[in-house]
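This report refers to the structure that appears directly beneath it.
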Amino acid sequence: MIVIPALENPGDISWSLPPSKSHMIRWIALASQSEGVTEIQFSGKPGDDIHSMADCMEKMGVVIDRRGNNWFVKGAIKEEISKGQTLDCGNSATTARIVTSIAAGLGETLQIDGDKTLRSRDSSQINNALRGLGCEVSSDRMPFSISGPVVPGTAIIDESKTSQTLTGLLLASPGYPEGTRVHLEGERVSRGYRELTIEICKSCGWGGCLDSHYFDIGEWVVRAPEFVEIPEEISLLPLSLLFDRLHGTKSLKVEPVNSDPRIIAAIDATMSCNGGQVDLRDASDIISPAAAILALGGGGRIVGSSHSRGKESDRIGSTCRMLSSFGISSEERIDGLEIPGGQSPISPPKPVDSEGDHRLAMTSMVLATSVGAEIDGGRICSITHPDFIEMLVGDGESL
């Protein structure tokens, strides 16, 4: 349990953003399959999800020097070391999809596992795609075993559910044979993350394209650059903006750079919304703080976020419940939330359940800085931002 008091001097808070886990996890995946050494530089402290990805690659024989703000990744993956390993993906679904896809190309039987929250999530999207490529997968819930190798065939991906399946297959495709084909279906969501995967693969030597509903992957040589710089985690920016709306401050002293324009557009739409709509088709990760921002402002409706129901929590329902804990009303919709404006938080009469969701926990803690609250499971914010609690209230108060 974390006790967050109402802050007496919120203007003293200096906000920081950790390194982007989306960028860093993808770069670790490809650098691990390259024969050289890649230096990964960043500011801030990497979250637990990033360490989970590094842990899995090290179990496959990759050497990663994790000292300070410059990590050095020395590939390549070794099948003889990987054999029989249990690859623990922690809380990271992105890591799980990538690691499962890489394991499928090795021709060994490996175990894929994660924490309690990840075990509760459905892995059928990636697992069915790999079954279409000849792999045996024991279950669609972790822990499960996967046995390769991948054989030439066709994997089917529904892009209306998540971009992580495509990301996993594409980042693992250097280990797949020629003749491997992917068929894409559905209206795409999280397009910025999809494009990030393609951009990073191209920068490492992949020569393919995804302009049609079919594309071929397999047997390409990864040539990762010697140096990579990781931007800040822009999806956490709305938390600082929520803090500022609560307290009338300007907590973020340094403007973020190299950001996903679709997420920036969604943040801008949230901040300027006055009873209208905010489409989170490409930015569903910000739904919890965005909903709180709308409630404190002119209200509005969040749409296009049905895929956020498959996150660490059903993030539409859990956001509604979290807001209710603070006396903030909202109405759940199939693809989002309807939120009246002009509201203010009140101190919750009982601990706020973070429901195993780090973004829910962080939004709860920001609201608590205005009215005080006990947050159950708050330390899960280290998944993305290990310094979050200390940044807000020092070390907080544990019960």
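Ordering of the structure tokens sets the chain letters (A, B, ...), residue numbers begin anew at 1 in every chain, and ligands are numbered from 1 in the order given.
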Q: Extract, using only C-alpha atoms, all DNA, RNA and protein residues at most 10 Å from Ala76 of chain A, discarding same-chain residues fewer than 6 positions from it, and format them as an NGL selection string.
A: :A and (30-37 or 57-58 or 60-63 or 222)
Per residue of segment 175-263 of chain A within 12 Å of segment 345-350 of chain A, which atom pair is closest and at what distance in Å (one decimal), using only C-alpha atoms, listed by chain and increasing number, as a Markdown table?
```
| residue | atom | partner | partner_atom | distance |
| --- | --- | --- | --- | --- |
| A:Leu242 | CA | A:Pro345 | CA | 12.0 |
| A:Arg245 | CA | A:Pro345 | CA | 12.0 |
| A:Leu246 | CA | A:Pro345 | CA | 9.2 |
```
(Q) With distances taken over only C-alpha atoms, which residue among A:Thr369, A:Thr86, A:Ser306, A:Thr167 lies nearest Ala103 of chain A? (A) A:Thr86
Q.
If DSSP is run on the backbone, what residues of segment 127-239 of chain A are alpha helix (DSSP H)? A reply as a PyMOL selection string would be ideal.
A. chain A and resi 127-131+164-172+191-203+237-239
Can I get the selected residues back with N, CA and C atoms, as a PDB file, in the first residue's frame?
```
ATOM      1  N   ASN A 127       0.107 -16.650 -30.732  1.00  0.00           N
ATOM      2  CA  ASN A 127       0.266 -18.103 -30.757  1.00  0.00           C
ATOM      3  C   ASN A 127      -0.404 -18.736 -31.969  1.00  0.00           C
ATOM      4  N   ASN A 128      -1.571 -18.251 -32.350  1.00  0.00           N
ATOM      5  CA  ASN A 128      -2.230 -18.782 -33.548  1.00  0.00           C
ATOM      6  C   ASN A 128      -1.455 -18.425 -34.813  1.00  0.00           C
ATOM      7  N   ALA A 129      -0.880 -17.229 -34.837  1.00  0.00           N
ATOM      8  CA  ALA A 129      -0.044 -16.854 -35.981  1.00  0.00           C
ATOM      9  C   ALA A 129       1.134 -17.812 -36.123  1.00  0.00           C
ATOM     10  N   LEU A 130       1.756 -18.174 -35.002  1.00  0.00           N
ATOM     11  CA  LEU A 130       2.909 -19.077 -35.040  1.00  0.00           C
ATOM     12  C   LEU A 130       2.486 -20.517 -35.331  1.00  0.00           C
ATOM     13  N   ARG A 131       1.307 -20.896 -34.893  1.00  0.00           N
ATOM     14  CA  ARG A 131       0.797 -22.229 -35.266  1.00  0.00           C
ATOM     15  C   ARG A 131       0.629 -22.329 -36.776  1.00  0.00           C
ATOM     16  N   GLN A 164       1.027  -5.557 -31.478  1.00  0.00           N
ATOM     17  CA  GLN A 164       2.132  -6.328 -30.907  1.00  0.00           C
ATOM     18  C   GLN A 164       2.413  -7.617 -31.657  1.00  0.00           C
ATOM     19  N   THR A 165       1.396  -8.224 -32.268  1.00  0.00           N
ATOM     20  CA  THR A 165       1.619  -9.475 -33.003  1.00  0.00           C
ATOM     21  C   THR A 165       2.510  -9.224 -34.211  1.00  0.00           C
ATOM     22  N   LEU A 166       2.207  -8.190 -34.978  1.00  0.00           N
ATOM     23  CA  LEU A 166       3.044  -7.831 -36.114  1.00  0.00           C
ATOM     24  C   LEU A 166       4.449  -7.489 -35.660  1.00  0.00           C
ATOM     25  N   THR A 167       4.560  -6.727 -34.571  1.00  0.00           N
ATOM     26  CA  THR A 167       5.872  -6.361 -34.045  1.00  0.00           C
ATOM     27  C   THR A 167       6.687  -7.595 -33.693  1.00  0.00           C
ATOM     28  N   GLY A 168       6.055  -8.556 -33.011  1.00  0.00           N
ATOM     29  CA  GLY A 168       6.775  -9.769 -32.627  1.00  0.00           C
ATOM     30  C   GLY A 168       7.298 -10.532 -33.818  1.00  0.00           C
ATOM     31  N   LEU A 169       6.450 -10.763 -34.822  1.00  0.00           N
ATOM     32  CA  LEU A 169       6.865 -11.531 -35.995  1.00  0.00           C
ATOM     33  C   LEU A 169       7.942 -10.813 -36.796  1.00  0.00           C
ATOM     34  N   LEU A 170       7.785  -9.509 -36.970  1.00  0.00           N
ATOM     35  CA  LEU A 170       8.749  -8.779 -37.786  1.00  0.00           C
ATOM     36  C   LEU A 170      10.115  -8.710 -37.108  1.00  0.00           C
ATOM     37  N   LEU A 171      10.140  -8.476 -35.795  1.00  0.00           N
ATOM     38  CA  LEU A 171      11.419  -8.404 -35.088  1.00  0.00           C
ATOM     39  C   LEU A 171      12.101  -9.773 -34.992  1.00  0.00           C
ATOM     40  N   ALA A 172      11.330 -10.847 -35.065  1.00  0.00           N
ATOM     41  CA  ALA A 172      11.904 -12.200 -35.012  1.00  0.00           C
ATOM     42  C   ALA A 172      12.214 -12.759 -36.388  1.00  0.00           C
ATOM     43  N   ARG A 191      -1.032   2.605 -34.652  1.00  0.00           N
ATOM     44  CA  ARG A 191      -0.230   2.659 -35.876  1.00  0.00           C
ATOM     45  C   ARG A 191       1.166   3.233 -35.658  1.00  0.00           C
ATOM     46  N   GLY A 192       1.320   4.113 -34.677  1.00  0.00           N
ATOM     47  CA  GLY A 192       2.647   4.651 -34.409  1.00  0.00           C
ATOM     48  C   GLY A 192       3.618   3.582 -33.955  1.00  0.00           C
ATOM     49  N   TYR A 193       3.162   2.648 -33.097  1.00  0.00           N
ATOM     50  CA  TYR A 193       4.023   1.552 -32.640  1.00  0.00           C
ATOM     51  C   TYR A 193       4.349   0.616 -33.801  1.00  0.00           C
ATOM     52  N   ARG A 194       3.378   0.396 -34.663  1.00  0.00           N
ATOM     53  CA  ARG A 194       3.589  -0.428 -35.864  1.00  0.00           C
ATOM     54  C   ARG A 194       4.681   0.199 -36.733  1.00  0.00           C
ATOM     55  N   GLU A 195       4.553   1.496 -36.975  1.00  0.00           N
ATOM     56  CA  GLU A 195       5.534   2.190 -37.817  1.00  0.00           C
ATOM     57  C   GLU A 195       6.915   2.241 -37.164  1.00  0.00           C
ATOM     58  N   LEU A 196       6.931   2.329 -35.836  1.00  0.00           N
ATOM     59  CA  LEU A 196       8.218   2.306 -35.128  1.00  0.00           C
ATOM     60  C   LEU A 196       8.938   0.989 -35.375  1.00  0.00           C
ATOM     61  N   THR A 197       8.203  -0.125 -35.300  1.00  0.00           N
ATOM     62  CA  THR A 197       8.801  -1.439 -35.571  1.00  0.00           C
ATOM     63  C   THR A 197       9.391  -1.493 -36.973  1.00  0.00           C
ATOM     64  N   ILE A 198       8.624  -1.034 -37.958  1.00  0.00           N
ATOM     65  CA  ILE A 198       9.097  -1.055 -39.344  1.00  0.00           C
ATOM     66  C   ILE A 198      10.332  -0.180 -39.511  1.00  0.00           C
ATOM     67  N   GLU A 199      10.295   1.016 -38.917  1.00  0.00           N
ATOM     68  CA  GLU A 199      11.418   1.951 -39.026  1.00  0.00           C
ATOM     69  C   GLU A 199      12.699   1.366 -38.446  1.00  0.00           C
ATOM     70  N   ILE A 200      12.593   0.737 -37.277  1.00  0.00           N
ATOM     71  CA  ILE A 200      13.779   0.162 -36.638  1.00  0.00           C
ATOM     72  C   ILE A 200      14.300  -1.027 -37.444  1.00  0.00           C
ATOM     73  N   CYS A 201      13.390  -1.860 -37.963  1.00  0.00           N
ATOM     74  CA  CYS A 201      13.828  -2.988 -38.793  1.00  0.00           C
ATOM     75  C   CYS A 201      14.552  -2.498 -40.051  1.00  0.00           C
ATOM     76  N   LYS A 202      14.015  -1.486 -40.696  1.00  0.00           N
ATOM     77  CA  LYS A 202      14.656  -0.953 -41.903  1.00  0.00           C
ATOM     78  C   LYS A 202      16.029  -0.382 -41.594  1.00  0.00           C
ATOM     79  N   SER A 203      16.176   0.252 -40.432  1.00  0.00           N
ATOM     80  CA  SER A 203      17.476   0.820 -40.064  1.00  0.00           C
ATOM     81  C   SER A 203      18.507  -0.261 -39.763  1.00  0.00           C
ATOM     82  N   LEU A 237       3.527  11.581 -20.686  1.00  0.00           N
ATOM     83  CA  LEU A 237       3.380  13.033 -20.620  1.00  0.00           C
ATOM     84  C   LEU A 237       2.022  13.463 -20.058  1.00  0.00           C
ATOM     85  N   PRO A 238       0.895  12.809 -20.412  1.00  0.00           N
ATOM     86  CA  PRO A 238      -0.396  13.247 -19.853  1.00  0.00           C
ATOM     87  C   PRO A 238      -0.458  13.221 -18.332  1.00  0.00           C
ATOM     88  N   LEU A 239       0.365  12.403 -17.689  1.00  0.00           N
ATOM     89  CA  LEU A 239       0.376  12.386 -16.222  1.00  0.00           C
ATOM     90  C   LEU A 239       0.874  13.718 -15.668  1.00  0.00           C
TER      91      LEU A 239
END
```
Q: One decimal, Å: what's the distance from atom CA of Pro19 of chain A over to atom CA of Ile267 of chain A, could you say?
A: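 Atom-to-atom, atom CA of Pro19 of chain A and atom CA of Ile267 of chain A are spaced 18.5 Å apart.
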Q | Nearby residues (only C-alpha atoms) at most 9 Å from Ile234 of chain A, same-chain spacing under 4 positions excluded, as a ChimeraX atom specification | A | /A:17-20,238,256-257,259-260,263-264
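If you look at atom CA of Cys381 of chain A and atom CA of Met1 of chain A, they are 12.5 Å away from each other.
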**Q.** Non-local contacts of segment 360-368 of chain A (10 Å; only C-alpha atoms; under 6 positions in same chain excluded) as a ChimeraX atom specification
**A.** /A:2-7,236,238-244,246,286-292,312-313,315,318-319,322-323,325-326,344-348,352-354,374-382,384-385,388-389,392-393
Give me the residues within 9 Å of segment 150-163 of chain A as an mmCIF file with N, CA and C atoms, in the first residue's frame, counting only C-alpha atoms and dropping any in the same chain fewer than 6 places off.
```
data_model
loop_
_atom_site.group_PDB
_atom_site.id
_atom_site.type_symbol
_atom_site.label_atom_id
_atom_site.label_comp_id
_atom_site.auth_asym_id
_atom_site.auth_seq_id
_atom_site.Cartn_x
_atom_site.Cartn_y
_atom_site.Cartn_z
ATOM 1 N N ALA A 104 10.263 -19.119 -31.356
ATOM 2 C CA ALA A 104 9.682 -19.983 -32.390
ATOM 3 C C ALA A 104 10.669 -20.286 -33.502
ATOM 4 N N GLY A 105 11.605 -19.399 -33.747
ATOM 5 C CA GLY A 105 12.557 -19.593 -34.832
ATOM 6 C C GLY A 105 13.787 -20.391 -34.475
ATOM 7 N N LEU A 106 13.886 -20.854 -33.224
ATOM 8 C CA LEU A 106 15.122 -21.492 -32.769
ATOM 9 C C LEU A 106 15.151 -23.003 -32.943
ATOM 10 N N GLY A 107 13.983 -23.636 -33.107
ATOM 11 C CA GLY A 107 13.990 -25.090 -33.268
ATOM 12 C C GLY A 107 14.133 -25.838 -31.966
ATOM 13 N N GLN A 125 -3.500 -14.418 -30.137
ATOM 14 C CA GLN A 125 -3.173 -13.718 -31.379
ATOM 15 C C GLN A 125 -1.804 -14.146 -31.902
ATOM 16 N N ILE A 126 -0.773 -14.022 -31.078
ATOM 17 C CA ILE A 126 0.574 -14.387 -31.523
ATOM 18 C C ILE A 126 0.707 -15.899 -31.648
ATOM 19 N N ASN A 128 -1.571 -18.251 -32.350
ATOM 20 C CA ASN A 128 -2.230 -18.782 -33.548
ATOM 21 C C ASN A 128 -1.455 -18.425 -34.813
ATOM 22 N N ALA A 129 -0.880 -17.229 -34.837
ATOM 23 C CA ALA A 129 -0.044 -16.854 -35.981
ATOM 24 C C ALA A 129 1.134 -17.812 -36.123
ATOM 25 N N LEU A 130 1.756 -18.174 -35.002
ATOM 26 C CA LEU A 130 2.909 -19.077 -35.040
ATOM 27 C C LEU A 130 2.486 -20.517 -35.331
ATOM 28 N N ARG A 131 1.307 -20.896 -34.893
ATOM 29 C CA ARG A 131 0.797 -22.229 -35.266
ATOM 30 C C ARG A 131 0.629 -22.329 -36.776
ATOM 31 N N GLY A 132 0.237 -21.212 -37.400
ATOM 32 C CA GLY A 132 0.124 -21.195 -38.854
ATOM 33 C C GLY A 132 1.455 -21.340 -39.559
ATOM 34 N N LEU A 133 2.532 -21.148 -38.805
ATOM 35 C CA LEU A 133 3.884 -21.311 -39.358
ATOM 36 C C LEU A 133 4.535 -22.605 -38.871
ATOM 37 N N GLY A 134 3.727 -23.546 -38.404
ATOM 38 C CA GLY A 134 4.227 -24.878 -38.070
ATOM 39 C C GLY A 134 4.696 -25.076 -36.653
ATOM 40 N N CYS A 135 4.527 -24.104 -35.782
ATOM 41 C CA CYS A 135 5.002 -24.229 -34.400
ATOM 42 C C CYS A 135 3.949 -24.916 -33.524
ATOM 43 N N GLY A 175 15.235 -14.849 -38.098
ATOM 44 C CA GLY A 175 15.413 -16.278 -37.834
ATOM 45 C C GLY A 175 14.411 -17.167 -38.531
ATOM 46 N N TYR A 176 13.597 -16.620 -39.412
ATOM 47 C CA TYR A 176 12.577 -17.389 -40.106
ATOM 48 C C TYR A 176 13.048 -17.739 -41.520
ATOM 49 N N PRO A 177 12.588 -18.849 -42.082
ATOM 50 C CA PRO A 177 13.020 -19.240 -43.426
ATOM 51 C C PRO A 177 12.327 -18.425 -44.515
ATOM 52 N N GLU A 178 12.949 -18.385 -45.678
ATOM 53 C CA GLU A 178 12.311 -17.760 -46.835
ATOM 54 C C GLU A 178 10.991 -18.476 -47.143
ATOM 55 N N GLY A 179 10.048 -17.719 -47.655
ATOM 56 C CA GLY A 179 8.741 -18.279 -47.941
ATOM 57 C C GLY A 179 7.742 -18.096 -46.824
ATOM 58 N N THR A 180 8.175 -17.447 -45.725
ATOM 59 C CA THR A 180 7.263 -17.132 -44.638
ATOM 60 C C THR A 180 6.436 -15.915 -45.022
ATOM 61 N N ARG A 181 5.134 -16.038 -44.931
ATOM 62 C CA ARG A 181 4.249 -14.953 -45.372
ATOM 63 C C ARG A 181 3.307 -14.555 -44.237
ATOM 64 N N VAL A 182 2.971 -13.274 -44.202
ATOM 65 C CA VAL A 182 2.034 -12.747 -43.218
ATOM 66 C C VAL A 182 0.857 -12.115 -43.950
ATOM 67 N N HIS A 183 -0.350 -12.484 -43.537
ATOM 68 C CA HIS A 183 -1.577 -11.915 -44.093
ATOM 69 C C HIS A 183 -2.201 -11.001 -43.043
ATOM 70 N N LEU A 184 -2.449 -9.748 -43.401
ATOM 71 C CA LEU A 184 -2.949 -8.738 -42.472
ATOM 72 C C LEU A 184 -4.438 -8.510 -42.682
ATOM 73 N N GLU A 185 -5.185 -8.496 -41.568
ATOM 74 C CA GLU A 185 -6.625 -8.255 -41.606
ATOM 75 C C GLU A 185 -6.984 -7.170 -40.590
ATOM 76 N N GLY A 186 -8.157 -6.569 -40.754
ATOM 77 C CA GLY A 186 -8.692 -5.652 -39.757
ATOM 78 C C GLY A 186 -8.170 -4.230 -39.879
ATOM 79 N N GLU A 187 -8.907 -3.298 -39.252
ATOM 80 C CA GLU A 187 -8.509 -1.898 -39.234
ATOM 81 C C GLU A 187 -7.402 -1.690 -38.201
ATOM 82 N N ARG A 188 -6.309 -1.125 -38.619
ATOM 83 C CA ARG A 188 -5.131 -1.025 -37.768
ATOM 84 C C ARG A 188 -5.344 -0.099 -36.573
ATOM 85 N N VAL A 189 -4.781 -0.515 -35.430
ATOM 86 C CA VAL A 189 -4.726 0.332 -34.248
ATOM 87 C C VAL A 189 -3.268 0.494 -33.843
ATOM 88 N N SER A 190 -3.016 1.474 -32.985
ATOM 89 C CA SER A 190 -1.649 1.731 -32.497
ATOM 90 C C SER A 190 -0.664 1.817 -33.655
ATOM 91 N N ARG A 191 -1.032 2.605 -34.652
ATOM 92 C CA ARG A 191 -0.230 2.659 -35.876
ATOM 93 C C ARG A 191 1.166 3.233 -35.658
ATOM 94 N N TYR A 193 3.162 2.648 -33.097
ATOM 95 C CA TYR A 193 4.023 1.552 -32.640
ATOM 96 C C TYR A 193 4.349 0.616 -33.801
ATOM 97 N N ARG A 194 3.378 0.396 -34.663
ATOM 98 C CA ARG A 194 3.589 -0.428 -35.864
ATOM 99 C C ARG A 194 4.681 0.199 -36.733
ATOM 100 N N SER A 306 -11.298 0.584 -27.901
ATOM 101 C CA SER A 306 -11.783 -0.739 -27.480
ATOM 102 C C SER A 306 -10.637 -1.723 -27.257
ATOM 103 N N HIS A 307 -9.525 -1.545 -27.999
ATOM 104 C CA HIS A 307 -8.387 -2.460 -27.830
ATOM 105 C C HIS A 307 -7.687 -2.273 -26.488
ATOM 106 N N GLY A 310 -7.734 -5.019 -23.576
ATOM 107 C CA GLY A 310 -6.820 -6.159 -23.508
ATOM 108 C C GLY A 310 -5.480 -5.819 -22.895
#
```
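We find atom CA of Lys45 of chain A and atom CA of Ser16 of chain A to be spaced 10.2 Å apart.
Nearest residue to Ile230 of chain A among A:Asp55, A:Glu39, A:Glu108, A:Glu136 is A:Glu39, counting only C-alpha atoms.
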Q. For Leu118 of chain A, which of A:Pro143, A:Pro174, A:Pro149, A:Gly297 is the closest residue, counting only C-alpha atoms?
A. A:Pro143
Q | Residue nearest Glu233 of chain A among A:His213, A:Ser22, A:Ser330, A:Glu8 (counting only C-alpha atoms) | A |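 Smallest distance to Glu233 of chain A is found for A:Ser22.
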Q: From a DSSP calculation on the backbone, collect every residue of segment 130-175 of chain A in strand (DSSP E) and output the set as a PyMOL selection string.
A: chain A and resi 136-137+144-147+154-158
